[in-house]
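The block underneath contains the structure these notes are about, expressed in structure tokens.
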Amino acid sequence: MTSLPDHTEKKLGLVIDLDTCVGCHACATSCKEWNAGGYSAPLTDQDAHGSDPHGAWLNRVHSYEVGAGPQSRTVHFPRSCLHCETPACVTVCPTGASYKRAEDGIVLVNPDTCIGCKLCSWACPYGAREYDYDDGVMKKCTLCVDRIYNETIEPVDRVPACVRACPTGARHFGDLGDPDSAVSRLVKEREGFDLLPEMGYGPVNKYLPPRPRRDESSKPAWSAKEQPAAPDPSSLADRLFAWADKTLTR
Amino acid sequence: MHPAYSVIAFTTASGAGYGLLIALAVAAGFNLVPRTPTFGFVGLGLALALITVGLLASTAHLGRPERAWRALSQWRSSWLSREGIAALVTYLPAGALGLGWVFGEAVPGQIVTAAWLSAPCALATIWCTAMIYGSLPTIRAWNQPLVAPVYLVLALATGSVLLTFLLTAFGYEARWAAAASLLALAGGWILKSRYWLVIDTAKKTYTAEAATGLGRFGAVRPLDPPHTQPNFVMREMGYQVARRHAEKLRRLSAVTLFAVPIAAGILLLLLQLLLQFLLLNLPNFIQIALAALAVLSAAVGVLIERWLFFAEAEHVVVLYYRGGTV
């Protein structure tokens, strides 16, 4: 049923810290690894060993240059489904394969009823949905619905694979509908924000902004003297090293 | 947006088919065409064939066409679902109209009743098709109030050009159909020109800074892409057509879809009036040639117009990949 629930008991989602993300893509690769075998299986690739390798991934990490001058910075930006409160990807679905769960707000695709019309991907401003060219259906972040309630795995693993894999702790998982949850407090404390709030989709996932940079204006400017010196032909030691290098490479 | 041939074929063929169905239904409703079985068979046969070919072409866009029947369930929220239902419902009065016209009425008033039911059903189907695109806030060029009226008037224009050709080919009175096609073509030209002006001048409101929420730190420039080869999102939503090419194609589409069929229609009407004044008959092959020219030219034109409708539409998601504004 693609009509949206009036209310969801929980709003499960992710909080992504753009300050500490180092752009290592561990979240993206661990997502692909888990989901190629779980709810989203198969999560296929095309031309994997050819000249045009591509495939369905549920998490993508962009890197941006932001600002100019001394305050400019590189920001790594993981992008996945935001599990919106009013997701148009669900309401445009003609078959009812796309749905938002009333119990926890997770947006899912039923792979058995999806017809692969791709309209949901057109309706999503965040590029969260990818078509699986081999499976013929749409794939998207499931918030690892097959991990977070999974009693056969260790409690510490009952979080989305991306959260578990992040080496810098830049990804947090929890109930953003509960104002007292750890993730809600984090969002409040760090002034977390929505992506494209003006589109009106009500994204549940939040992003934490990079912290202000340290003021480095009093630090002496970087000097060329700190560079290792070029070999000096008049120095006996440098000539010895040059001779050794030549001899050894013969 | 990637201009998929299946969707271009679907919207243009079914558009012309529903347009022809509406024109035939109005003609039958007002008793403007002879109710000969052959004409009914060819006319409604062509309309239903175009509609059916178009709908079948649309299933080629699906990853799982064998599940297409499931698309009929979500009419409460989905324009695509509504389109599927409207398309199927339209077959009922259109079928009754065709059967009555070709084999004779099973119940008195069958043709007129079915005709007056077919037209609104066909109109609703075209409207639903257009709203699949018009309802998406992620694509500025589509989320415009002119999109659905343009789809509607282009369906009527291509359908009435087809009817004019059929009537002349059968040697029937075609002046009213030619006049109606001129009206629809002129209306289409005005609306489409207005649409192009609107999408060229509408303000680009979405930026990479808003998409990433990083605008507070300054301009946002993509540095490293998430993947080396284009993924589905870029293949589907990242299609780009050069501005120069788009302008040329717009002109070509305006000439072939509007100017040539309008000129052919006016020439057809003027020649008939002139020869009537001189008490001569216009040889039928000249009329057929003019009407056929209008059909062929409009077909080329509407295909280019529809290709551009997709190719020129920019999706918000490209901001994450290319930066800039949309």
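Labeling convention for the structure tokens: chains A, B, ... as they appear, residues from 1 per chain, ligands from 1 in order of appearance.
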Checklist line | 7 Å contacts from chain A to chain B using only C-alpha atoms, as a VMD selection string | finding: chain A and resid 1 to 3 52 to 55 60 to 68 91 to 96 115 to 117 123 to 127 130 to 131 136 to 137 195 to 196
Write the residues you've just listed into a file as a short mmCIF file (atom, residue, chain, number, x, y, z; two decimals), in the first residue's frame, and include N, CA and C atoms for each of them.
```
data_model
loop_
_atom_site.label_atom_id
_atom_site.label_comp_id
_atom_site.auth_asym_id
_atom_site.auth_seq_id
_atom_site.Cartn_x
_atom_site.Cartn_y
_atom_site.Cartn_z
N MET A 1 0.86 -1.20 0.00
CA MET A 1 0.00 0.00 0.00
C MET A 1 0.88 1.23 0.00
N THR A 2 0.75 2.06 -1.00
CA THR A 2 1.67 3.20 -1.11
C THR A 2 1.13 4.46 -0.45
N SER A 3 -0.06 4.41 0.14
CA SER A 3 -0.47 5.55 0.94
C SER A 3 0.38 5.52 2.20
N ASP A 52 33.54 -0.78 -18.21
CA ASP A 52 32.47 0.09 -17.71
C ASP A 52 31.79 -0.55 -16.49
N PRO A 53 32.57 -0.79 -15.44
CA PRO A 53 31.97 -1.46 -14.28
C PRO A 53 31.02 -0.54 -13.53
N HIS A 54 29.81 -1.04 -13.24
CA HIS A 54 28.86 -0.27 -12.44
C HIS A 54 27.89 -1.26 -11.82
N GLY A 55 27.18 -0.81 -10.80
CA GLY A 55 26.24 -1.72 -10.16
C GLY A 55 25.41 -0.99 -9.13
N ARG A 60 26.62 5.92 -1.11
CA ARG A 60 27.65 6.48 -1.98
C ARG A 60 28.35 7.60 -1.21
N VAL A 61 29.66 7.71 -1.35
CA VAL A 61 30.40 8.75 -0.61
C VAL A 61 30.99 9.75 -1.60
N HIS A 62 30.48 10.97 -1.56
CA HIS A 62 31.01 12.06 -2.37
C HIS A 62 32.07 12.81 -1.57
N SER A 63 32.95 13.51 -2.27
CA SER A 63 33.87 14.43 -1.59
C SER A 63 33.75 15.79 -2.26
N TYR A 64 33.62 16.81 -1.44
CA TYR A 64 33.45 18.17 -1.97
C TYR A 64 34.54 19.09 -1.43
N GLU A 65 34.87 20.10 -2.22
CA GLU A 65 35.67 21.22 -1.74
C GLU A 65 34.68 22.31 -1.38
N VAL A 66 34.79 22.82 -0.17
CA VAL A 66 33.81 23.80 0.29
C VAL A 66 34.53 25.07 0.71
N GLY A 67 34.02 26.21 0.21
CA GLY A 67 34.58 27.49 0.59
C GLY A 67 35.88 27.78 -0.13
N ALA A 68 36.45 28.95 0.20
CA ALA A 68 37.69 29.37 -0.45
C ALA A 68 38.62 29.98 0.60
N THR A 91 4.69 7.22 -2.61
CA THR A 91 3.34 7.52 -3.13
C THR A 91 3.25 7.39 -4.64
N VAL A 92 4.36 7.56 -5.38
CA VAL A 92 4.28 7.42 -6.84
C VAL A 92 4.27 5.96 -7.27
N CYS A 93 4.63 5.04 -6.38
CA CYS A 93 4.76 3.63 -6.76
C CYS A 93 3.40 3.08 -7.20
N PRO A 94 3.30 2.53 -8.42
CA PRO A 94 2.00 2.07 -8.91
C PRO A 94 1.58 0.71 -8.37
N THR A 95 2.52 -0.04 -7.76
CA THR A 95 2.19 -1.42 -7.40
C THR A 95 2.02 -1.65 -5.92
N GLY A 96 2.46 -0.70 -5.08
CA GLY A 96 2.45 -0.95 -3.65
C GLY A 96 3.70 -1.65 -3.17
N ILE A 115 7.87 -3.68 -10.12
CA ILE A 115 7.89 -3.98 -11.56
C ILE A 115 9.07 -3.30 -12.26
N GLY A 116 9.89 -2.59 -11.50
CA GLY A 116 11.07 -1.95 -12.10
C GLY A 116 10.72 -0.82 -13.05
N CYS A 117 9.70 0.01 -12.69
CA CYS A 117 9.32 1.12 -13.58
C CYS A 117 10.20 2.34 -13.37
N ALA A 123 11.29 10.29 -8.51
CA ALA A 123 10.63 11.11 -7.50
C ALA A 123 11.57 11.47 -6.35
N CYS A 124 12.72 10.78 -6.24
CA CYS A 124 13.61 11.00 -5.09
C CYS A 124 14.65 12.07 -5.42
N PRO A 125 14.70 13.16 -4.64
CA PRO A 125 15.69 14.19 -4.91
C PRO A 125 17.11 13.80 -4.48
N TYR A 126 17.22 12.74 -3.69
CA TYR A 126 18.51 12.40 -3.08
C TYR A 126 19.24 11.27 -3.80
N GLY A 127 18.67 10.77 -4.88
CA GLY A 127 19.34 9.71 -5.63
C GLY A 127 19.52 8.44 -4.82
N GLU A 130 18.43 2.89 -6.51
CA GLU A 130 19.15 2.47 -7.71
C GLU A 130 18.46 1.23 -8.29
N TYR A 131 18.43 1.21 -9.62
CA TYR A 131 17.82 0.10 -10.33
C TYR A 131 18.85 -1.02 -10.44
N GLY A 136 16.11 -6.51 -12.17
CA GLY A 136 14.93 -5.87 -12.74
C GLY A 136 14.05 -5.16 -11.75
N VAL A 137 14.55 -4.92 -10.54
CA VAL A 137 13.76 -4.22 -9.52
C VAL A 137 14.62 -3.13 -8.88
N LEU A 195 18.73 17.64 4.55
CA LEU A 195 19.09 17.96 3.17
C LEU A 195 17.85 18.43 2.43
N LEU A 196 17.96 19.52 1.69
CA LEU A 196 16.87 20.06 0.86
C LEU A 196 15.52 20.07 1.60
#
```
Next item on the list: Compile the contact shell of Gly174 of chain A as a list in words: residues with an atom at most 12 Å away, counting only C-alpha atoms, same-chain residues fewer than 4 positions apart removed.
Entry: Lys10, Lys11, Leu12, Gly13, Leu14, Val15, Ile16, Asp104, Gly105, Ile106, Leu143, Ile148, Arg158, Val159, Pro160, Val163, Asp178, Pro179, Asp180, Ser181, Ala182, Val183, Ser184, Arg185, Leu186, Val187, Val204, Asn205 and Lys206 of chain A
Would you pick out the contacts of segment 190-198 of chain B at 12 Å or less, using only C-alpha atoms, so that residues sharing its chain but fewer than 4 positions from it are not included, and give the list as a short mmCIF file (atom, residue, chain, number, x, y, z; two decimals) with C-alpha atoms, in the first residue's frame?
```
data_model
loop_
_atom_site.label_atom_id
_atom_site.label_comp_id
_atom_site.auth_asym_id
_atom_site.auth_seq_id
_atom_site.Cartn_x
_atom_site.Cartn_y
_atom_site.Cartn_z
CA ARG B 140 11.67 21.56 -12.62
CA ALA B 141 10.97 21.33 -16.36
CA TRP B 142 8.17 18.82 -15.71
CA ASN B 143 6.64 20.20 -12.55
CA GLN B 144 4.89 22.93 -14.55
CA PRO B 145 1.16 23.59 -14.93
CA LEU B 146 1.58 23.64 -18.74
CA VAL B 147 2.80 20.03 -19.00
CA ALA B 148 -0.63 18.35 -18.88
CA PRO B 149 -2.35 20.86 -21.24
CA VAL B 150 0.51 20.42 -23.75
CA TYR B 151 0.16 16.62 -23.65
CA LEU B 152 -3.58 16.96 -24.13
CA VAL B 153 -3.50 19.41 -27.02
CA LEU B 154 -0.68 17.52 -28.80
CA LEU B 183 -7.15 24.77 -34.25
CA ALA B 184 -5.44 22.04 -32.25
CA LEU B 185 -2.11 22.54 -34.02
CA ALA B 186 -2.22 26.30 -33.49
CA ALA B 202 12.04 29.92 -14.60
CA LYS B 203 14.48 30.57 -11.79
CA LYS B 204 16.83 27.72 -10.90
CA ALA B 246 18.42 21.54 -28.13
CA GLU B 247 17.73 24.89 -29.79
CA ARG B 250 13.25 22.81 -30.90
CA ARG B 251 13.14 24.73 -34.18
CA SER B 253 10.17 20.20 -33.99
CA ALA B 254 8.21 23.47 -34.29
CA VAL B 255 8.50 23.34 -38.09
CA LEU B 257 4.99 19.36 -35.72
CA PHE B 258 3.24 22.70 -36.24
CA ALA B 259 4.28 24.77 -39.28
CA VAL B 302 6.03 14.95 -32.05
CA GLU B 305 9.23 17.19 -29.17
CA ARG B 306 8.92 14.21 -26.81
CA LEU B 308 13.38 16.96 -25.98
CA PHE B 309 10.82 16.79 -23.17
CA GLU B 312 16.06 18.79 -21.56
CA ALA B 313 14.63 17.94 -18.14
#
```
Margin query: Neighbouring residues of Ala13 of chain B were defined as those with any atom within 8 Å, considering only C-alpha atoms; residues of the same chain fewer than 6 positions away were excluded. Please report them as a list in words.
Written below: Leu50, Ile51, Val53 and Gly54 of chain B
Item checked: Distance in Å - atom CA of Leu43 of chain A versus atom CA of Ile8 of chain B ->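 Between these atoms lies a distance of 29.0 Å.
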Note to self: Among segment 154-200 of chain A, which residues does DSSP mark as alpha helix (DSSP H) when it is run on the backbone? Keep the chain and numbering as in the structure and answer as a ChimeraX atom specification.
What the structure shows: /A:161-165,182-190
Notebook entry, point to check: Quick one: DSSP strand (DSSP E or B) residues in segment 17-236 of chain A, as a ChimeraX atom specification?
Noted result: /A:17,45-46,54-55,59-66,73-80,98-100,107-109,130-132,137-139,171-175,193,206-208
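Within the 8 Å cut-off around segment 16-21 of chain B, using only C-alpha atoms and omitting residues fewer than 2 positions from it on the same chain, the listed residues are Thr12, Ala13, Ser14, Ala23, Leu24, Ala25, Gly43, Leu44, Leu46, Ala47, Leu48, Ala49, Leu50, Ile51, Ala94, Ser118, Ala119, Ala122, Leu123, Ile126, Leu154, Ala155, Leu156, Ala157, Thr158, Gly159, Ser160, Leu162 and Leu163 of chain B.
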Notebook entry, point to check: Suppose you want the space between atom CA of Asp134 of chain A and atom CA of Val90 of chain A; what is it in Å?
Noted result: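 Going from atom CA of Asp134 of chain A over to atom CA of Val90 of chain A covers 22.4 Å.
When only C-alpha atoms are used to measure the gap to Cys27 of chain A, the shortest distance among A:Leu176, A:Val107, A:Leu240, A:Leu58 belongs to A:Leu58.
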Checklist line | atom CA of Pro209 of chain A to atom CA of His76 of chain A, straight-line distance in Å | finding: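 It comes out at 11.1 Å.
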Quick one: residues within 6 Å of Ala97 of chain A, only C-alpha atoms, excluding same-chain residues fewer than 4 positions away - as a short mmCIF file (atom, residue, chain, number, x, y, z; two decimals) with N, CA and C atoms, in the first residue's frame?
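Dumped everything to selection_2.cif:
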```
data_model
loop_
_atom_site.label_atom_id
_atom_site.label_comp_id
_atom_site.auth_asym_id
_atom_site.auth_seq_id
_atom_site.Cartn_x
_atom_site.Cartn_y
_atom_site.Cartn_z
N VAL A 109 11.36 -1.53 -0.23
CA VAL A 109 10.81 -2.00 -1.50
C VAL A 109 10.59 -3.51 -1.36
N ASN A 110 9.40 -3.96 -1.70
CA ASN A 110 9.15 -5.40 -1.75
C ASN A 110 9.65 -5.92 -3.10
N THR A 113 7.16 -7.67 -5.65
CA THR A 113 6.06 -7.01 -6.36
C THR A 113 6.52 -5.78 -7.16
N CYS A 114 7.78 -5.39 -7.00
CA CYS A 114 8.31 -4.24 -7.76
C CYS A 114 8.34 -4.62 -9.24
#
```
